[in-house]
$ cat entry_4.cif   # mmCIF, C-alpha atoms
data_my_file
loop_
_atom_site.label_atom_id
_atom_site.label_comp_id
_atom_site.auth_asym_id
_atom_site.auth_seq_id
_atom_site.Cartn_x
_atom_site.Cartn_y
_atom_site.Cartn_z
CA MET A 11 -24.47 24.00 54.99
CA ILE A 12 -21.17 22.36 54.02
CA VAL A 13 -22.98 20.00 51.65
CA TRP A 14 -24.74 22.82 49.85
CA LEU A 15 -21.49 24.80 49.64
CA ARG A 16 -19.83 21.83 47.96
CA VAL A 17 -22.77 21.50 45.57
CA LEU A 18 -22.52 25.20 44.68
CA VAL A 19 -18.77 24.99 44.04
CA CYS A 20 -19.16 21.88 41.86
CA VAL A 21 -21.95 23.45 39.81
CA LEU A 22 -19.98 26.67 39.29
CA LEU A 23 -16.86 24.78 38.22
CA LEU A 24 -18.87 22.69 35.77
CA ILE A 25 -20.46 25.84 34.33
CA VAL A 26 -17.03 27.43 33.89
CA ALA A 27 -15.67 24.32 32.16
CA THR A 28 -18.69 24.26 29.86
CA LEU A 29 -18.37 27.94 28.95
CA LEU A 30 -14.68 27.46 28.14
CA LEU A 31 -15.01 24.25 26.12
CA ALA A 32 -18.32 24.83 24.31
CA PRO A 33 -17.03 27.55 21.92
CA VAL A 34 -14.02 25.38 21.07
CA GLN A 35 -16.28 22.41 20.33
CA MET A 36 -18.56 24.59 18.18
CA PHE A 37 -15.56 25.63 16.10
CA LEU A 38 -14.37 22.03 15.78
CA LEU A 39 -17.83 20.93 14.65
CA TRP A 40 -17.99 23.77 12.14
CA ARG A 41 -14.62 22.77 10.69
CA ASP A 42 -15.41 19.07 11.09
CA TRP A 43 -11.98 18.43 12.53
CA PRO A 44 -11.20 15.08 14.20
CA ALA A 45 -10.73 16.78 17.58
CA ARG A 46 -14.53 17.24 17.74
CA ARG A 47 -14.70 13.57 18.70
CA THR A 48 -12.09 13.78 21.47
CA LEU A 49 -12.85 17.08 23.23
CA PRO A 50 -16.18 15.87 24.70
CA ARG A 51 -14.27 13.20 26.63
CA LEU A 52 -12.49 15.95 28.58
CA TRP A 53 -15.80 17.60 29.47
CA HIS A 54 -17.39 14.32 30.52
CA GLY A 55 -14.40 13.54 32.72
CA ILE A 56 -14.73 16.91 34.44
CA ALA A 57 -18.48 16.41 34.84
CA CYS A 58 -18.00 12.99 36.45
CA ARG A 59 -15.53 14.46 38.91
CA MET A 60 -17.76 17.41 39.78
CA ILE A 61 -20.88 15.29 40.21
CA GLY A 62 -19.04 12.68 42.24
CA LEU A 63 -19.12 9.71 39.87
CA ARG A 64 -16.17 7.37 40.41
CA VAL A 65 -15.88 5.23 37.29
CA HIS A 66 -14.23 1.80 37.51
CA VAL A 67 -13.48 0.40 34.05
CA HIS A 68 -13.29 -3.34 33.39
CA GLY A 69 -12.01 -4.25 29.95
CA ALA A 70 -11.76 -1.74 27.12
CA PRO A 71 -13.55 -0.66 23.94
CA ASP A 72 -12.58 -2.75 20.92
CA THR A 73 -9.94 -1.01 18.79
CA ARG A 74 -11.44 -2.24 15.53
CA ARG A 75 -13.87 -0.21 13.43
CA PRO A 76 -16.75 0.13 12.69
CA LEU A 77 -17.68 -0.26 16.35
CA MET A 78 -21.07 -0.07 18.03
CA LEU A 79 -21.29 -0.18 21.81
CA VAL A 80 -24.54 -1.65 23.11
CA SER A 81 -25.26 -0.71 26.71
CA ASN A 82 -27.96 -0.96 29.35
CA HIS A 83 -29.52 2.38 30.26
CA VAL A 84 -30.08 3.51 33.84
CA SER A 85 -29.84 7.30 33.84
CA TRP A 86 -28.56 10.41 32.07
CA LYS A 87 -25.38 9.74 34.06
CA ASP A 88 -24.66 6.85 31.68
CA ILE A 89 -23.76 9.49 29.09
CA LEU A 90 -21.12 10.98 31.38
CA VAL A 91 -19.73 7.57 32.33
CA LEU A 92 -19.32 6.31 28.77
CA GLY A 93 -18.27 9.70 27.43
CA SER A 94 -15.46 9.97 30.00
CA VAL A 95 -13.89 6.69 28.86
CA ALA A 96 -14.20 6.68 25.06
CA ASP A 97 -14.72 9.08 22.16
CA VAL A 98 -18.31 8.15 21.47
CA VAL A 99 -21.48 9.55 19.94
CA PHE A 100 -24.92 8.65 21.20
CA ILE A 101 -28.27 7.84 19.68
CA ALA A 102 -31.04 9.81 21.40
CA LYS A 103 -34.74 10.37 20.88
CA ALA A 104 -35.58 13.52 18.94
CA GLU A 105 -37.21 15.23 21.96
CA VAL A 106 -33.83 15.49 23.70
CA LYS A 107 -32.75 18.04 21.09
CA ALA A 108 -35.21 20.58 22.54
CA TRP A 109 -34.34 19.99 26.19
CA PRO A 110 -32.77 22.97 27.99
CA VAL A 111 -29.03 22.55 28.63
CA PHE A 112 -29.02 18.81 27.89
CA GLY A 113 -30.21 19.42 24.34
CA LEU A 114 -27.36 21.84 23.71
CA LEU A 115 -24.82 19.46 25.20
CA ALA A 116 -26.16 16.65 23.03
CA ARG A 117 -25.84 18.77 19.88
CA LEU A 118 -22.29 19.74 20.83
CA GLN A 119 -21.41 16.05 20.92
CA ALA A 120 -22.93 15.49 17.47
CA THR A 121 -25.57 13.17 18.90
CA ILE A 122 -27.68 11.26 16.38
CA PHE A 123 -31.33 12.17 16.99
CA VAL A 124 -34.03 9.71 15.94
CA ALA A 125 -37.78 10.20 15.77
CA ARG A 126 -39.01 6.68 16.45
CA GLU A 127 -42.66 7.52 15.86
CA GLN A 128 -41.99 8.83 12.33
CA LYS A 129 -41.84 5.59 10.38
CA ARG A 130 -41.26 7.37 7.07
CA THR A 131 -37.90 8.73 8.23
CA THR A 132 -36.68 5.54 9.90
CA GLY A 133 -34.69 4.47 6.85
CA ASN A 134 -32.84 7.78 6.68
CA GLN A 135 -32.06 7.69 10.38
CA VAL A 136 -30.68 4.15 10.19
CA ASN A 137 -28.57 5.13 7.18
CA GLU A 138 -27.13 8.09 9.07
CA ILE A 139 -26.12 5.84 11.95
CA GLY A 140 -24.60 3.41 9.48
CA ALA A 141 -22.65 6.19 7.77
CA ARG A 142 -21.32 7.50 11.10
CA LEU A 143 -20.18 3.99 12.04
CA ALA A 144 -18.49 3.53 8.69
CA ALA A 145 -16.71 6.88 9.16
CA GLY A 146 -14.97 5.48 12.23
CA GLU A 147 -17.12 6.95 14.97
CA ILE A 148 -17.99 4.79 17.98
CA VAL A 149 -21.78 4.83 18.23
CA VAL A 150 -23.51 3.97 21.50
CA LEU A 151 -26.88 2.24 21.36
CA PHE A 152 -29.23 1.83 24.34
CA PRO A 153 -31.40 -1.04 23.02
CA GLU A 154 -33.83 -1.04 25.95
CA GLY A 155 -35.29 2.17 24.53
CA THR A 156 -35.79 3.66 28.01
CA THR A 157 -34.16 3.77 31.44
CA SER A 158 -34.41 0.95 33.98
CA ASP A 159 -34.08 0.86 37.77
CA GLY A 160 -30.47 -0.28 37.42
CA ASN A 161 -31.11 -3.68 39.01
CA ARG A 162 -32.10 -5.50 35.85
CA LEU A 163 -31.99 -5.40 32.08
CA LEU A 164 -35.22 -4.58 30.28
CA GLU A 165 -36.23 -6.33 27.07
CA ILE A 166 -34.05 -5.06 24.26
CA LYS A 167 -35.50 -3.95 20.93
CA THR A 168 -33.98 -5.96 18.09
CA SER A 169 -35.12 -3.43 15.48
CA LEU A 170 -32.52 -0.96 16.73
CA PHE A 171 -29.76 -3.29 15.50
CA GLY A 172 -30.79 -2.32 11.98
CA ALA A 173 -28.18 0.44 12.26
CA ALA A 174 -25.43 -2.17 12.42
CA ALA A 175 -26.86 -3.92 9.36
CA ALA A 176 -26.92 -0.60 7.48
CA ALA A 177 -23.22 -0.06 8.18
CA VAL A 178 -22.11 -3.50 6.96
CA PRO A 179 -22.07 -2.60 3.21
CA LEU A 180 -20.05 0.53 4.04
CA SER A 181 -17.41 -1.38 5.99
CA PRO A 182 -14.29 -2.36 3.99
CA ALA A 183 -14.26 -5.78 5.66
CA GLY A 184 -18.04 -6.20 5.52
CA ILE A 185 -18.18 -6.40 9.32
CA VAL A 186 -19.55 -4.18 12.09
CA HIS A 187 -18.14 -4.95 15.53
CA VAL A 188 -20.87 -4.96 18.18
CA GLN A 189 -19.58 -4.82 21.76
CA PRO A 190 -21.89 -5.37 24.76
CA VAL A 191 -21.42 -3.00 27.70
CA ALA A 192 -22.83 -3.06 31.23
CA ILE A 193 -23.16 -0.04 33.52
CA ALA A 194 -23.67 -0.91 37.19
CA TYR A 195 -24.07 1.69 39.95
CA THR A 196 -22.77 -0.17 42.95
CA ARG A 197 -21.81 2.03 45.92
CA VAL A 198 -22.61 5.30 47.70
CA HIS A 199 -19.89 6.75 49.94
CA GLY A 200 -18.09 3.42 49.62
CA MET A 201 -21.03 1.39 50.94
CA PRO A 202 -23.05 -1.07 48.84
CA MET A 203 -26.00 0.64 47.19
CA GLY A 204 -29.25 -0.76 48.58
CA ARG A 205 -32.80 -0.07 47.51
CA TYR A 206 -32.91 3.15 49.56
CA HIS A 207 -30.17 4.74 47.46
CA ARG A 208 -31.22 3.19 44.14
CA PRO A 209 -33.11 6.38 43.05
CA ILE A 210 -29.77 8.18 43.09
CA ALA A 211 -28.51 5.85 40.37
CA ALA A 212 -31.66 5.34 38.34
CA TRP A 213 -33.68 8.06 36.68
CA PRO A 214 -37.22 6.90 35.80
CA GLY A 215 -39.02 9.08 33.28
CA ASP A 216 -41.60 10.25 35.82
CA ILE A 217 -39.02 11.92 38.08
CA ALA A 218 -38.20 15.59 37.46
CA LEU A 219 -34.63 16.13 36.31
CA VAL A 220 -33.62 19.02 38.59
CA PRO A 221 -34.58 17.34 41.92
CA HIS A 222 -32.89 14.15 40.76
CA LEU A 223 -29.74 16.06 39.79
CA MET A 224 -29.65 17.83 43.15
CA GLY A 225 -29.99 14.50 44.95
CA VAL A 226 -26.96 13.16 43.06
CA LEU A 227 -24.94 16.29 43.82
CA ARG A 228 -25.79 16.13 47.52
CA GLU A 229 -24.46 12.58 47.78
CA GLY A 230 -21.31 13.39 45.83
CA ALA A 231 -19.74 9.92 45.92
CA VAL A 232 -21.25 7.25 43.70
CA ASP A 233 -19.22 4.31 42.38
CA VAL A 234 -20.10 2.95 38.96
CA ASP A 235 -18.64 -0.09 37.22
CA LEU A 236 -18.29 0.09 33.44
CA VAL A 237 -17.77 -3.36 31.92
CA PHE A 238 -16.84 -4.07 28.29
CA GLY A 239 -17.77 -7.50 27.01
CA GLU A 240 -16.65 -9.69 24.12
CA THR A 241 -17.23 -8.23 20.68
CA ILE A 242 -19.66 -9.90 18.29
CA ASP A 243 -19.11 -9.54 14.54
CA TYR A 244 -22.18 -8.45 12.61
CA ARG A 245 -22.01 -9.52 8.95
CA ALA A 246 -24.33 -9.33 5.99
CA ASP A 247 -25.62 -12.84 6.69
CA SER A 248 -25.98 -12.34 10.46
CA ASN A 249 -29.34 -12.95 12.07
CA ARG A 250 -30.35 -9.76 13.84
CA LYS A 251 -32.43 -11.53 16.47
CA GLN A 252 -29.63 -13.98 17.24
CA VAL A 253 -27.09 -11.16 17.58
CA SER A 254 -29.44 -9.29 19.90
CA ARG A 255 -29.91 -12.43 22.04
CA ASP A 256 -26.14 -12.93 22.29
CA VAL A 257 -25.66 -9.28 23.24
CA GLU A 258 -28.48 -9.44 25.79
CA LYS A 259 -27.02 -12.55 27.42
CA GLN A 260 -23.63 -10.91 27.90
CA MET A 261 -25.14 -7.67 29.22
CA LYS A 262 -27.25 -9.53 31.80
CA THR A 263 -24.32 -11.62 32.99
CA MET A 264 -21.97 -8.63 33.35
CA LEU A 265 -24.58 -6.44 35.05
CA LEU A 266 -25.61 -9.04 37.62
CA ALA A 267 -22.00 -9.96 38.38
CA ARG A 268 -21.12 -6.35 39.22
CA LEU A 269 -24.26 -5.74 41.22
CA ARG A 270 -23.40 -8.83 43.29
CA GLY A 271 -19.86 -7.57 43.83
CA ARG A 272 -18.12 -10.15 41.65
#

$ encode --input "entry_4.cif" --output "structure tokens"
Amino acid sequence: MIVWLRVLVCVLLLIVATLLLAPVQMFLLWRDWPARRTLPRLWHGIACRMIGLRVHVHGAPDTRRPLMLVSNHVSWKDILVLGSVADVVFIAKAEVKAWPVFGLLARLQATIFVAREQKRTTGNQVNEIGARLAAGEIVVLFPEGTTSDGNRLLEIKTSLFGAAAAAVPLSPAGIVHVQPVAIAYTRVHGMPMGRYHRPIAAWPGDIALVPHLMGVLREGAVDVDLVFGETIDYRADSNRKQVSRDVEKQMKTMLLARLRGR
């Protein structure tokens, strides 16, 4: 009974925060004021607190621009974790735009939606990402293309780094800074997260969202480590496959180190 009461209170508080901040964000987006990039961080911080995510940050986002953060992808909670630490925008598949609640939240954060199956529009989508990077926005890329179980890094798709290449000509210095990031869900109620609790962290595509969300809310105390790696400079003459291999190597090392408690 106490657990469900806490869940109800957390959900109500999050709804209230959303109803208060959403109209403000809509206005900021309409006016295209810089604050539209910073207000979502407040909401994500509140959401992490209400859901019970305790974020431990190691390192920091690079201060140079253009900046692309390249992260492993475990769950929708990754959005909250990253969004609570930096003023970022995300790249999401086009279907997310039509999702109830999450689609609206994604639009309020000015998410970049891509339709990967529509090859004819790929060039336009990459150019939009490049333009947003060149405008000083921090763009988050999940190069695995899907969510994992949180224990390993899936094969990353090198084609997605085309967005960094598209931003290079728009950068005054001719450089896009690519920073590897690792997200590791490590503890539940202060205890190491074993295989039994792994479904709380990971969100496979075949699991319904609402039951998964309720499971996270019932636990209410999940520790997550957010690790920022060493930035790699992407230039006009950079080899996309080599850059992706360097990024992948860092992500694997950082993820495994945190999962092993190092």

$ resolve_selection --input "entry_4.cif" --expression "the PyMOL selection byres ((chain A and resi 161) around 9)" --output "mmCIF file with C-alpha atoms, in the frame of the given file"
data_model
loop_
_atom_site.group_PDB
_atom_site.id
_atom_site.type_symbol
_atom_site.label_atom_id
_atom_site.label_comp_id
_atom_site.auth_asym_id
_atom_site.auth_seq_id
_atom_site.Cartn_x
_atom_site.Cartn_y
_atom_site.Cartn_z
ATOM 1 C CA VAL A 84 -30.080 3.510 33.840
ATOM 2 C CA SER A 158 -34.410 0.950 33.980
ATOM 3 C CA ASP A 159 -34.080 0.860 37.770
ATOM 4 C CA GLY A 160 -30.470 -0.280 37.420
ATOM 5 C CA ARG A 162 -32.100 -5.500 35.850
ATOM 6 C CA LEU A 163 -31.990 -5.400 32.080
ATOM 7 C CA ALA A 194 -23.670 -0.910 37.190
ATOM 8 C CA TYR A 195 -24.070 1.690 39.950
ATOM 9 C CA ARG A 208 -31.220 3.190 44.140
ATOM 10 C CA LEU A 265 -24.580 -6.440 35.050
ATOM 11 C CA LEU A 266 -25.610 -9.040 37.620
ATOM 12 C CA LEU A 269 -24.260 -5.740 41.220
#

$ closest_residue --input "entry_4.cif" --among "A:Ser85, A:Ser248, A:Gln119, A:Gln260" --to "A:Ala45" --atoms "all atoms listed in the file"
A:Gln119

$ resolve_selection --input "entry_4.cif" --expression "the PyMOL selection byres ((chain A and resi 140) around 10)" --output "PyMOL selection string"
chain A and resi 76+78+134-139+141-145+147+149+172-181+186

$ write_last_selection --input "entry_4.cif" --atoms "C-alpha atoms" --output "compact mmCIF listing (two decimals), in the coordinates of the input"
# COMPACT_ATOMS: atom_id res chain seq x y z
CA PRO A 76 -16.75 0.13 12.69
CA MET A 78 -21.07 -0.07 18.03
CA ASN A 134 -32.84 7.78 6.68
CA GLN A 135 -32.06 7.69 10.38
CA VAL A 136 -30.68 4.15 10.19
CA ASN A 137 -28.57 5.13 7.18
CA GLU A 138 -27.13 8.09 9.07
CA ILE A 139 -26.12 5.84 11.95
CA ALA A 141 -22.65 6.19 7.77
CA ARG A 142 -21.32 7.50 11.10
CA LEU A 143 -20.18 3.99 12.04
CA ALA A 144 -18.49 3.53 8.69
CA ALA A 145 -16.71 6.88 9.16
CA GLU A 147 -17.12 6.95 14.97
CA VAL A 149 -21.78 4.83 18.23
CA GLY A 172 -30.79 -2.32 11.98
CA ALA A 173 -28.18 0.44 12.26
CA ALA A 174 -25.43 -2.17 12.42
CA ALA A 175 -26.86 -3.92 9.36
CA ALA A 176 -26.92 -0.60 7.48
CA ALA A 177 -23.22 -0.06 8.18
CA VAL A 178 -22.11 -3.50 6.96
CA PRO A 179 -22.07 -2.60 3.21
CA LEU A 180 -20.05 0.53 4.04
CA SER A 181 -17.41 -1.38 5.99
CA VAL A 186 -19.55 -4.18 12.09

$ atom_distance --input "entry_4.cif" --atom1 "atom CA of A:Ala104" --atom2 "atom CA of A:Ala211"
23.8 Å

$ residues_around --input "entry_4.cif" --residues "A:Thr48" --least-positions-apart "6" --cutoff "12 Å" --atoms "all atoms listed in the file" --output "number ranges by chain"
A: 31, 34-35, 38-39, 54-55, 93-99, 118-120, 147-148

$ write_last_selection --input "entry_4.cif" --atoms "C-alpha atoms" --output "PDB file, in the frame of the given file"
ATOM      1  CA  LEU A  31     -15.010  24.250  26.120  1.00  0.00           C
ATOM      2  CA  VAL A  34     -14.020  25.380  21.070  1.00  0.00           C
ATOM      3  CA  GLN A  35     -16.280  22.410  20.330  1.00  0.00           C
ATOM      4  CA  LEU A  38     -14.370  22.030  15.780  1.00  0.00           C
ATOM      5  CA  LEU A  39     -17.830  20.930  14.650  1.00  0.00           C
ATOM      6  CA  HIS A  54     -17.390  14.320  30.520  1.00  0.00           C
ATOM      7  CA  GLY A  55     -14.400  13.540  32.720  1.00  0.00           C
ATOM      8  CA  GLY A  93     -18.270   9.700  27.430  1.00  0.00           C
ATOM      9  CA  SER A  94     -15.460   9.970  30.000  1.00  0.00           C
ATOM     10  CA  VAL A  95     -13.890   6.690  28.860  1.00  0.00           C
ATOM     11  CA  ALA A  96     -14.200   6.680  25.060  1.00  0.00           C
ATOM     12  CA  ASP A  97     -14.720   9.080  22.160  1.00  0.00           C
ATOM     13  CA  VAL A  98     -18.310   8.150  21.470  1.00  0.00           C
ATOM     14  CA  VAL A  99     -21.480   9.550  19.940  1.00  0.00           C
ATOM     15  CA  LEU A 118     -22.290  19.740  20.830  1.00  0.00           C
ATOM     16  CA  GLN A 119     -21.410  16.050  20.920  1.00  0.00           C
ATOM     17  CA  ALA A 120     -22.930  15.490  17.470  1.00  0.00           C
ATOM     18  CA  GLU A 147     -17.120   6.950  14.970  1.00  0.00           C
ATOM     19  CA  ILE A 148     -17.990   4.790  17.980  1.00  0.00           C
TER      20      ILE A 148
END

$ resolve_selection --input "entry_4.cif" --expression "the PyMOL selection byres ((chain A and resi 207) around 12)" --output "VMD selection string"
chain A and resid 159 to 161 195 to 199 201 to 206 208 to 213 222 225 to 226 229 231 to 232

$ closest_residue --input "entry_4.cif" --among "A:Val26, A:Val106, A:Val124, A:Leu90" --to "A:Arg59" --atoms "only C-alpha atoms"
A:Leu90

$ closest_residue --input "entry_4.cif" --among "A:Leu227, A:Val150, A:Val111, A:Val234" --to "A:Gly200" --atoms "all atoms listed in the file"
A:Val234

$ closest_residue --input "entry_4.cif" --among "A:Val191, A:Lys167, A:Gly230, A:Leu151" --to "A:Cys58" --atoms "only C-alpha atoms"
A:Gly230

$ residues_around --input "entry_4.cif" --residues "stretch 64-75 of chain A" --least-positions-apart "3" --cutoff "7 Å" --atoms "only C-alpha atoms" --output "list in words"
Val91, Gly146, His187, Val232, Asp233, Val234, Asp235, Leu236, Val237 and Phe238 of chain A

$ write_last_selection --input "entry_4.cif" --atoms "C-alpha atoms" --output "PDB file, keeping the file's coordinate frame"
ATOM      1  CA  VAL A  91     -19.730   7.570  32.330  1.00  0.00           C
ATOM      2  CA  GLY A 146     -14.970   5.480  12.230  1.00  0.00           C
ATOM      3  CA  HIS A 187     -18.140  -4.950  15.530  1.00  0.00           C
ATOM      4  CA  VAL A 232     -21.250   7.250  43.700  1.00  0.00           C
ATOM      5  CA  ASP A 233     -19.220   4.310  42.380  1.00  0.00           C
ATOM      6  CA  VAL A 234     -20.100   2.950  38.960  1.00  0.00           C
ATOM      7  CA  ASP A 235     -18.640  -0.090  37.220  1.00  0.00           C
ATOM      8  CA  LEU A 236     -18.290   0.090  33.440  1.00  0.00           C
ATOM      9  CA  VAL A 237     -17.770  -3.360  31.920  1.00  0.00           C
ATOM     10  CA  PHE A 238     -16.840  -4.070  28.290  1.00  0.00           C
TER      11      PHE A 238
END

$ residues_near_point --input "entry_4.cif" --point "(-22.1, -6.2, 28.1)" --cutoff "8 Å" --atoms "all atoms listed in the file" --output "VMD selection string"
chain A and resid 80 to 82 189 to 192 237 to 240 257 to 258 260 to 265

$ residues_around --input "entry_4.cif" --residues "A:Ala102" --least-positions-apart "4" --cutoff "9 Å" --atoms "only C-alpha atoms" --output "MDAnalysis selection string"
chainID A and resid 106:107 116 121:125 151:152

$ atom_distance --input "entry_4.cif" --atom1 "atom CA of A:Pro153" --atom2 "atom CA of A:Leu170"
6.4 Å

$ closest_residue --input "entry_4.cif" --among "A:Arg268, A:Arg250, A:Arg47, A:Arg16" --to "A:Thr168" --atoms "only C-alpha atoms"
A:Arg250

$ build_atoms --input "entry_4.cif" --residues "stretch 251-260 of chain A" --atoms "all heavy atoms" --output "mmCIF file, in the coordinates of the input"
data_model
loop_
_atom_site.group_PDB
_atom_site.id
_atom_site.type_symbol
_atom_site.label_atom_id
_atom_site.label_comp_id
_atom_site.auth_asym_id
_atom_site.auth_seq_id
_atom_site.Cartn_x
_atom_site.Cartn_y
_atom_site.Cartn_z
ATOM 1 N N LYS A 251 -31.860 -11.069 15.199
ATOM 2 C CA LYS A 251 -32.430 -11.530 16.470
ATOM 3 C C LYS A 251 -31.415 -12.356 17.257
ATOM 4 O O LYS A 251 -31.349 -12.258 18.484
ATOM 5 C CB LYS A 251 -33.705 -12.332 16.216
ATOM 6 C CG LYS A 251 -34.862 -11.484 15.701
ATOM 7 C CD LYS A 251 -36.137 -12.297 15.593
ATOM 8 C CE LYS A 251 -37.302 -11.413 15.136
ATOM 9 N NZ LYS A 251 -38.564 -12.186 15.028
ATOM 10 N N GLN A 252 -30.627 -13.170 16.555
ATOM 11 C CA GLN A 252 -29.630 -13.980 17.240
ATOM 12 C C GLN A 252 -28.539 -13.096 17.839
ATOM 13 O O GLN A 252 -28.092 -13.311 18.979
ATOM 14 C CB GLN A 252 -29.001 -14.998 16.284
ATOM 15 C CG GLN A 252 -27.994 -15.931 16.942
ATOM 16 C CD GLN A 252 -28.600 -16.745 18.072
ATOM 17 O OE1 GLN A 252 -29.636 -17.381 17.904
ATOM 18 N NE2 GLN A 252 -27.963 -16.717 19.242
ATOM 19 N N VAL A 253 -28.108 -12.096 17.073
ATOM 20 C CA VAL A 253 -27.090 -11.160 17.580
ATOM 21 C C VAL A 253 -27.613 -10.442 18.818
ATOM 22 O O VAL A 253 -26.905 -10.295 19.816
ATOM 23 C CB VAL A 253 -26.690 -10.149 16.491
ATOM 24 C CG1 VAL A 253 -25.810 -9.050 17.084
ATOM 25 C CG2 VAL A 253 -25.941 -10.844 15.360
ATOM 26 N N SER A 254 -28.867 -10.004 18.759
ATOM 27 C CA SER A 254 -29.440 -9.290 19.900
ATOM 28 C C SER A 254 -29.531 -10.199 21.124
ATOM 29 O O SER A 254 -29.299 -9.755 22.256
ATOM 30 C CB SER A 254 -30.817 -8.727 19.545
ATOM 31 O OG SER A 254 -31.765 -9.767 19.355
ATOM 32 N N ARG A 255 -29.842 -11.486 20.920
ATOM 33 C CA ARG A 255 -29.910 -12.430 22.040
ATOM 34 C C ARG A 255 -28.524 -12.643 22.650
ATOM 35 O O ARG A 255 -28.377 -12.705 23.883
ATOM 36 C CB ARG A 255 -30.500 -13.772 21.581
ATOM 37 C CG ARG A 255 -32.008 -13.752 21.399
ATOM 38 C CD ARG A 255 -32.561 -15.162 21.298
ATOM 39 N NE ARG A 255 -32.133 -15.829 20.085
ATOM 40 C CZ ARG A 255 -32.817 -15.821 18.942
ATOM 41 N NH1 ARG A 255 -33.978 -15.176 18.871
ATOM 42 N NH2 ARG A 255 -32.367 -16.475 17.884
ATOM 43 N N ASP A 256 -27.504 -12.745 21.793
ATOM 44 C CA ASP A 256 -26.140 -12.930 22.290
ATOM 45 C C ASP A 256 -25.672 -11.702 23.073
ATOM 46 O O ASP A 256 -25.011 -11.827 24.110
ATOM 47 C CB ASP A 256 -25.188 -13.192 21.109
ATOM 48 C CG ASP A 256 -25.457 -14.522 20.419
ATOM 49 O OD1 ASP A 256 -26.109 -15.388 21.039
ATOM 50 O OD2 ASP A 256 -25.036 -14.685 19.258
ATOM 51 N N VAL A 257 -26.014 -10.521 22.550
ATOM 52 C CA VAL A 257 -25.660 -9.280 23.240
ATOM 53 C C VAL A 257 -26.380 -9.196 24.582
ATOM 54 O O VAL A 257 -25.785 -8.864 25.616
ATOM 55 C CB VAL A 257 -26.003 -8.056 22.367
ATOM 56 C CG1 VAL A 257 -25.898 -6.761 23.180
ATOM 57 C CG2 VAL A 257 -25.093 -7.987 21.145
ATOM 58 N N GLU A 258 -27.670 -9.504 24.576
ATOM 59 C CA GLU A 258 -28.480 -9.440 25.790
ATOM 60 C C GLU A 258 -27.937 -10.379 26.866
ATOM 61 O O GLU A 258 -27.867 -10.028 28.052
ATOM 62 C CB GLU A 258 -29.924 -9.781 25.470
ATOM 63 C CG GLU A 258 -30.868 -9.683 26.658
ATOM 64 C CD GLU A 258 -32.309 -9.966 26.271
ATOM 65 O OE1 GLU A 258 -32.527 -10.634 25.235
ATOM 66 O OE2 GLU A 258 -33.210 -9.524 26.998
ATOM 67 N N LYS A 259 -27.535 -11.570 26.469
ATOM 68 C CA LYS A 259 -27.020 -12.550 27.420
ATOM 69 C C LYS A 259 -25.764 -12.026 28.106
ATOM 70 O O LYS A 259 -25.617 -12.127 29.333
ATOM 71 C CB LYS A 259 -26.717 -13.866 26.697
ATOM 72 C CG LYS A 259 -26.211 -14.964 27.623
ATOM 73 C CD LYS A 259 -25.961 -16.261 26.853
ATOM 74 C CE LYS A 259 -25.434 -17.348 27.784
ATOM 75 N NZ LYS A 259 -25.192 -18.626 27.036
ATOM 76 N N GLN A 260 -24.859 -11.456 27.317
ATOM 77 C CA GLN A 260 -23.630 -10.910 27.900
ATOM 78 C C GLN A 260 -23.933 -9.739 28.845
ATOM 79 O O GLN A 260 -23.375 -9.650 29.946
ATOM 80 C CB GLN A 260 -22.683 -10.426 26.798
ATOM 81 C CG GLN A 260 -21.851 -11.492 26.147
ATOM 82 C CD GLN A 260 -20.621 -10.903 25.460
ATOM 83 O OE1 GLN A 260 -19.808 -10.221 26.080
ATOM 84 N NE2 GLN A 260 -20.494 -11.159 24.169
#
